[in-house]
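Have a look at the structure below, then the notes.
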Amino acid sequence: MKGVTAVIVNHVTHGLLRLAVGPALFLFGLQSCGAPPPAASANSDASMVASSARSSPSAAPSQGIAVIPAPRAGAAMAWDPKHGYLLMFGGADLTTQQVFADTWKWDGKDWTRLSPPVSPPGRSFGAMAFDPVGGTVLLYGGGVVMVDPPRHDSWAWDGTTWAELHPAEAPPPTFYSYRMVTDSALPGVLLVGAATNNLSPLSTWAWTGTTWRRVGSSTSVPARAQFCMASESGSGVVLHGGFISEGEPGKVSDTWVWAGGNWLKRSSAGAGGGPCLMAYDQARRRIVMFVADQTWTYDSFSWTKRQPAHQPSKYLSFSAFAYDEANHSVVLFGGKTDAVLGSPMLSETWTWDGADWSRRA
């Protein structure tokens, strides 16, 4: 686990140091620093690679995918129910510092690169979720230390092109390490994240259809970065894990639920702690979480550690992670395998069927 910690620190060292001394969508934020390199062209051939029968330590890939996105970390991905596919945007190669501005869809079998007439500037670690009120997929912010600049802009995908939104109010520039989900209880979009320079709790924002509005809560989630979050049908939004400082002692493994306009602590421990990925499996009515090299599921009451025969690479972090409603599977794409600068970026696609992981590309 030492390697995992190092890569996370490399990503959010600036934010961590300050943290240590500091239907709805929820978003949690991350502020980056450093001069950015030139962004990669959205039409660059480097943003895609030909599919091949790569070897895998866990399972051989399924056949049939002609083109897949290039290796990357920090891509944003969300289900678009209006158009029936998983949408993915951006990401970056943290080794070469190439930033992507490409748009892709996953239909359960193939990756297809889309060619919208307008696209957001390239970025990594943006937050994405579907807005059931506006009928579009929302993209917020992004940026990572030493790779691309921090962004706090908002964009909407309508199935054909991207359009920049201009909200009258938005989270402050100090907003960082954010996550976004669709809250079916509203319905609407909520945004939750941390603030640099202090140890203040996470803040929660709601998208009204035209602007962001901060939502108050009598109880707040304590400060942390790199947590995971998903909307659980009928039970609210579930938030878990993350970390507050470098090393194993800095990891947290508590679980919180947003319900009735407040954050409620569900448990102090019980599942893997630290940075994590999360999505709600509608077909099986379970939250699926991937942390380090472990797969967990949550049934509204307790966490269960699963023992799949196959799984993605160990110490995987910064992958795109979302539920594919049409094919009843959780999809994981890309990421980075360990904490060492220069470690390999991945372009593998994996799906979870409720019992096991299968490598699709």
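Scheme for the structure tokens: letters A, B, ... for chains in order shown; per-chain residue numbers from 1; ligand numbers from 1 in order shown.
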- Query: Do you know which residues are at most 9 Å from Arg224 (chain A) counting only C-alpha atoms, after dropping those on the same chain fewer than 3 positions away, and could you put them as a count of residues only?
  - Reply: 17
Quick one: contact table of region 154-217 of chain A to region 127-130 of chain A, 10 Å max, nearest atom pair and distance in Å to one decimal per residue, counting only C-alpha atoms, chain and number order, as CSV?
```
residue,atom,partner,partner_atom,distance
A:Ser154,CA,A:Ala127,CA,9.7
A:Trp155,CA,A:Met128,CA,9.4
A:Ala156,CA,A:Phe130,CA,9.2
A:Trp157,CA,A:Phe130,CA,9.1
A:Ser177,CA,A:Ala127,CA,9.5
A:Tyr178,CA,A:Ala127,CA,6.9
A:Arg179,CA,A:Ala127,CA,5.8
A:Met180,CA,A:Ala127,CA,5.6
A:Val181,CA,A:Ala129,CA,5.3
A:Thr182,CA,A:Ala129,CA,5.9
A:Asp183,CA,A:Phe130,CA,9.5
A:Gly188,CA,A:Phe130,CA,8.6
A:Val189,CA,A:Phe130,CA,7.6
A:Leu190,CA,A:Ala129,CA,9.2
A:Leu191,CA,A:Ala127,CA,8.9
```
- Message: Applying 12 Å and only C-alpha atoms, which residues near Ser220 (chain A) remain after dropping the ones on its own chain fewer than 6 positions away? List them as a list of chain:residue names.
- Response: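 Counting only C-alpha atoms, the residues come to A:Val192, A:Gly193, A:Ala194, A:Ser200, A:Pro201, A:Leu202, A:Ser203, A:Thr204, A:Leu239, A:Trp256, A:Val257, A:Trp258, A:Gly261, A:Asn262, A:Trp263, A:Leu264, A:Lys265.
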- Query: Taking the backbone alone, and naming residues the way the document does, which bits of region 99-311 of chain A are strand (DSSP E or B) by DSSP, as a PyMOL selection string?
  - Reply: chain A and resi 99+103-106+111-114+127-131+136-144+148-157+162-165+175-183+188-195+203-207+212-215+225+228-232+236-240+242-243+251+255-259+262-267+274+277-281+286-291+294-298+303-305
I need the residues from that last selection saved to file as an mmCIF file, in the first residue's frame (with C-alpha atoms), if you can.
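Result went into result.cif, see below:
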```
data_model
loop_
_atom_site.group_PDB
_atom_site.id
_atom_site.type_symbol
_atom_site.label_atom_id
_atom_site.label_comp_id
_atom_site.auth_asym_id
_atom_site.auth_seq_id
_atom_site.Cartn_x
_atom_site.Cartn_y
_atom_site.Cartn_z
ATOM 1 C CA VAL A 99 -4.010 16.080 -21.323
ATOM 2 C CA THR A 103 -15.315 12.455 -25.905
ATOM 3 C CA TRP A 104 -16.130 8.726 -25.968
ATOM 4 C CA LYS A 105 -19.129 6.461 -25.528
ATOM 5 C CA TRP A 106 -19.254 2.841 -24.312
ATOM 6 C CA TRP A 111 -15.736 2.251 -27.457
ATOM 7 C CA THR A 112 -16.631 4.886 -30.051
ATOM 8 C CA ARG A 113 -14.947 8.266 -30.262
ATOM 9 C CA LEU A 114 -17.436 11.059 -30.799
ATOM 10 C CA ALA A 127 -16.627 15.416 -12.177
ATOM 11 C CA MET A 128 -19.540 14.161 -14.283
ATOM 12 C CA ALA A 129 -23.155 13.103 -13.729
ATOM 13 C CA PHE A 130 -26.520 13.197 -15.479
ATOM 14 C CA ASP A 131 -28.884 16.069 -14.712
ATOM 15 C CA THR A 136 -28.007 16.633 -20.098
ATOM 16 C CA VAL A 137 -24.769 15.230 -18.701
ATOM 17 C CA LEU A 138 -22.970 17.814 -16.569
ATOM 18 C CA LEU A 139 -19.190 18.170 -16.377
ATOM 19 C CA TYR A 140 -17.568 20.283 -13.677
ATOM 20 C CA GLY A 141 -13.997 21.381 -13.074
ATOM 21 C CA GLY A 142 -10.836 19.307 -13.169
ATOM 22 C CA GLY A 143 -7.096 19.771 -13.017
ATOM 23 C CA VAL A 144 -4.140 18.055 -11.362
ATOM 24 C CA ASP A 148 -3.124 20.722 -16.172
ATOM 25 C CA PRO A 149 -4.489 23.868 -14.510
ATOM 26 C CA PRO A 150 -7.328 23.841 -11.996
ATOM 27 C CA ARG A 151 -10.716 24.487 -13.613
ATOM 28 C CA HIS A 152 -14.042 25.475 -12.118
ATOM 29 C CA ASP A 153 -16.161 25.695 -15.262
ATOM 30 C CA SER A 154 -19.443 23.864 -15.964
ATOM 31 C CA TRP A 155 -20.410 22.155 -19.243
ATOM 32 C CA ALA A 156 -23.429 20.234 -20.530
ATOM 33 C CA TRP A 157 -23.578 17.360 -23.062
ATOM 34 C CA TRP A 162 -20.875 20.335 -25.452
ATOM 35 C CA ALA A 163 -22.089 23.760 -24.320
ATOM 36 C CA GLU A 164 -20.436 25.846 -21.622
ATOM 37 C CA LEU A 165 -22.738 26.962 -18.838
ATOM 38 C CA PHE A 175 -12.839 23.837 -3.917
ATOM 39 C CA TYR A 176 -10.983 20.566 -4.567
ATOM 40 C CA SER A 177 -11.150 16.736 -4.534
ATOM 41 C CA TYR A 178 -14.792 16.716 -5.641
ATOM 42 C CA ARG A 179 -17.231 13.985 -6.614
ATOM 43 C CA MET A 180 -20.555 14.320 -8.393
ATOM 44 C CA VAL A 181 -23.582 12.023 -8.508
ATOM 45 C CA THR A 182 -27.223 12.168 -9.530
ATOM 46 C CA ASP A 183 -29.518 12.059 -6.515
ATOM 47 C CA GLY A 188 -31.463 16.716 -9.407
ATOM 48 C CA VAL A 189 -27.707 17.252 -9.209
ATOM 49 C CA LEU A 190 -25.533 17.778 -6.119
ATOM 50 C CA LEU A 191 -21.886 18.790 -5.789
ATOM 51 C CA VAL A 192 -19.739 18.179 -2.689
ATOM 52 C CA GLY A 193 -16.077 18.846 -1.989
ATOM 53 C CA ALA A 194 -13.287 19.952 0.287
ATOM 54 C CA ALA A 195 -11.652 23.327 0.813
ATOM 55 C CA SER A 203 -19.354 21.436 1.478
ATOM 56 C CA THR A 204 -22.421 20.412 -0.529
ATOM 57 C CA TRP A 205 -23.790 22.167 -3.616
ATOM 58 C CA ALA A 206 -26.910 21.642 -5.731
ATOM 59 C CA TRP A 207 -27.420 22.408 -9.426
ATOM 60 C CA TRP A 212 -24.900 26.156 -8.351
ATOM 61 C CA ARG A 213 -26.370 26.744 -4.894
ATOM 62 C CA ARG A 214 -24.700 25.791 -1.633
ATOM 63 C CA VAL A 215 -26.816 23.491 0.519
ATOM 64 C CA ALA A 225 -9.719 14.024 -0.103
ATOM 65 C CA CYS A 228 -15.910 7.991 -3.290
ATOM 66 C CA MET A 229 -19.644 8.508 -3.629
ATOM 67 C CA ALA A 230 -22.719 7.014 -5.308
ATOM 68 C CA SER A 231 -26.470 7.487 -5.286
ATOM 69 C CA GLU A 232 -28.264 4.509 -3.755
ATOM 70 C CA GLY A 236 -29.867 8.556 -0.532
ATOM 71 C CA VAL A 237 -26.298 9.349 -1.515
ATOM 72 C CA VAL A 238 -23.566 7.240 0.086
ATOM 73 C CA LEU A 239 -20.052 8.613 0.708
ATOM 74 C CA HIS A 240 -17.120 6.533 1.894
ATOM 75 C CA GLY A 242 -10.701 8.960 1.469
ATOM 76 C CA PHE A 243 -7.711 10.243 3.384
ATOM 77 C CA LYS A 251 -6.783 6.858 5.603
ATOM 78 C CA THR A 255 -19.506 5.726 5.650
ATOM 79 C CA TRP A 256 -21.937 8.664 5.395
ATOM 80 C CA VAL A 257 -25.395 9.009 3.839
ATOM 81 C CA TRP A 258 -27.082 12.150 2.498
ATOM 82 C CA ALA A 259 -30.769 11.890 3.235
ATOM 83 C CA ASN A 262 -28.432 16.212 5.966
ATOM 84 C CA TRP A 263 -25.329 14.055 6.187
ATOM 85 C CA LEU A 264 -25.716 11.146 8.584
ATOM 86 C CA LYS A 265 -22.856 8.928 9.726
ATOM 87 C CA ARG A 266 -23.747 5.314 8.939
ATOM 88 C CA SER A 267 -20.605 3.595 10.271
ATOM 89 C CA GLY A 274 -8.403 5.372 1.622
ATOM 90 C CA LEU A 277 -14.150 4.208 -6.625
ATOM 91 C CA MET A 278 -17.901 3.688 -6.268
ATOM 92 C CA ALA A 279 -21.049 3.116 -8.352
ATOM 93 C CA TYR A 280 -24.584 1.870 -7.677
ATOM 94 C CA ASP A 281 -25.470 -1.465 -9.297
ATOM 95 C CA ARG A 286 -25.949 -2.891 -4.239
ATOM 96 C CA ILE A 287 -23.266 -0.253 -4.181
ATOM 97 C CA VAL A 288 -20.008 -1.544 -5.669
ATOM 98 C CA MET A 289 -16.724 -0.128 -4.394
ATOM 99 C CA PHE A 290 -13.183 -0.768 -5.621
ATOM 100 C CA VAL A 291 -10.369 0.272 -3.290
ATOM 101 C CA GLN A 294 -10.366 -5.038 -3.099
ATOM 102 C CA THR A 295 -13.997 -5.196 -4.241
ATOM 103 C CA TRP A 296 -16.745 -4.422 -1.725
ATOM 104 C CA THR A 297 -20.541 -4.237 -1.944
ATOM 105 C CA TYR A 298 -22.968 -2.335 0.286
ATOM 106 C CA TRP A 303 -20.312 -3.790 3.713
ATOM 107 C CA THR A 304 -19.307 -7.187 2.291
ATOM 108 C CA LYS A 305 -15.850 -7.923 0.974
#
```
- Message: Taking 2 positions as the minimum chain separation for residues in the same chain, which residues sit within 7 Å of Gly122 (chain A) when counting only C-alpha atoms? Answer as a PyMOL selection string.
- Response: chain A and resi 39+90+99-101+120
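You will find CA of Gly84 (chain A) at 19.8 Å from CA of Arg285 (chain A).
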- Query: Pick from A:Ser253, A:Thr351, A:Gln282, A:Ser235: nearest to Phe301 (chain A), with only C-alpha atoms counted?
  - Reply: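 The answer is A:Ser235, which sits nearest to Phe301 (chain A).
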- From the list A:Pro121, A:Gly108, A:Gly134, A:Gly260, which residue is nearest His328 (chain A) when using only C-alpha atoms?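 Closest to His328 (chain A) of all the choices is A:Gly108.
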- Hey, which of A:Ser347, A:Ser233, A:Ser217, A:Ser115 ends up closest to Ala320 (chain A)? Count only C-alpha atoms.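 Answer, going by the shortest atom-to-atom distance: A:Ser347.
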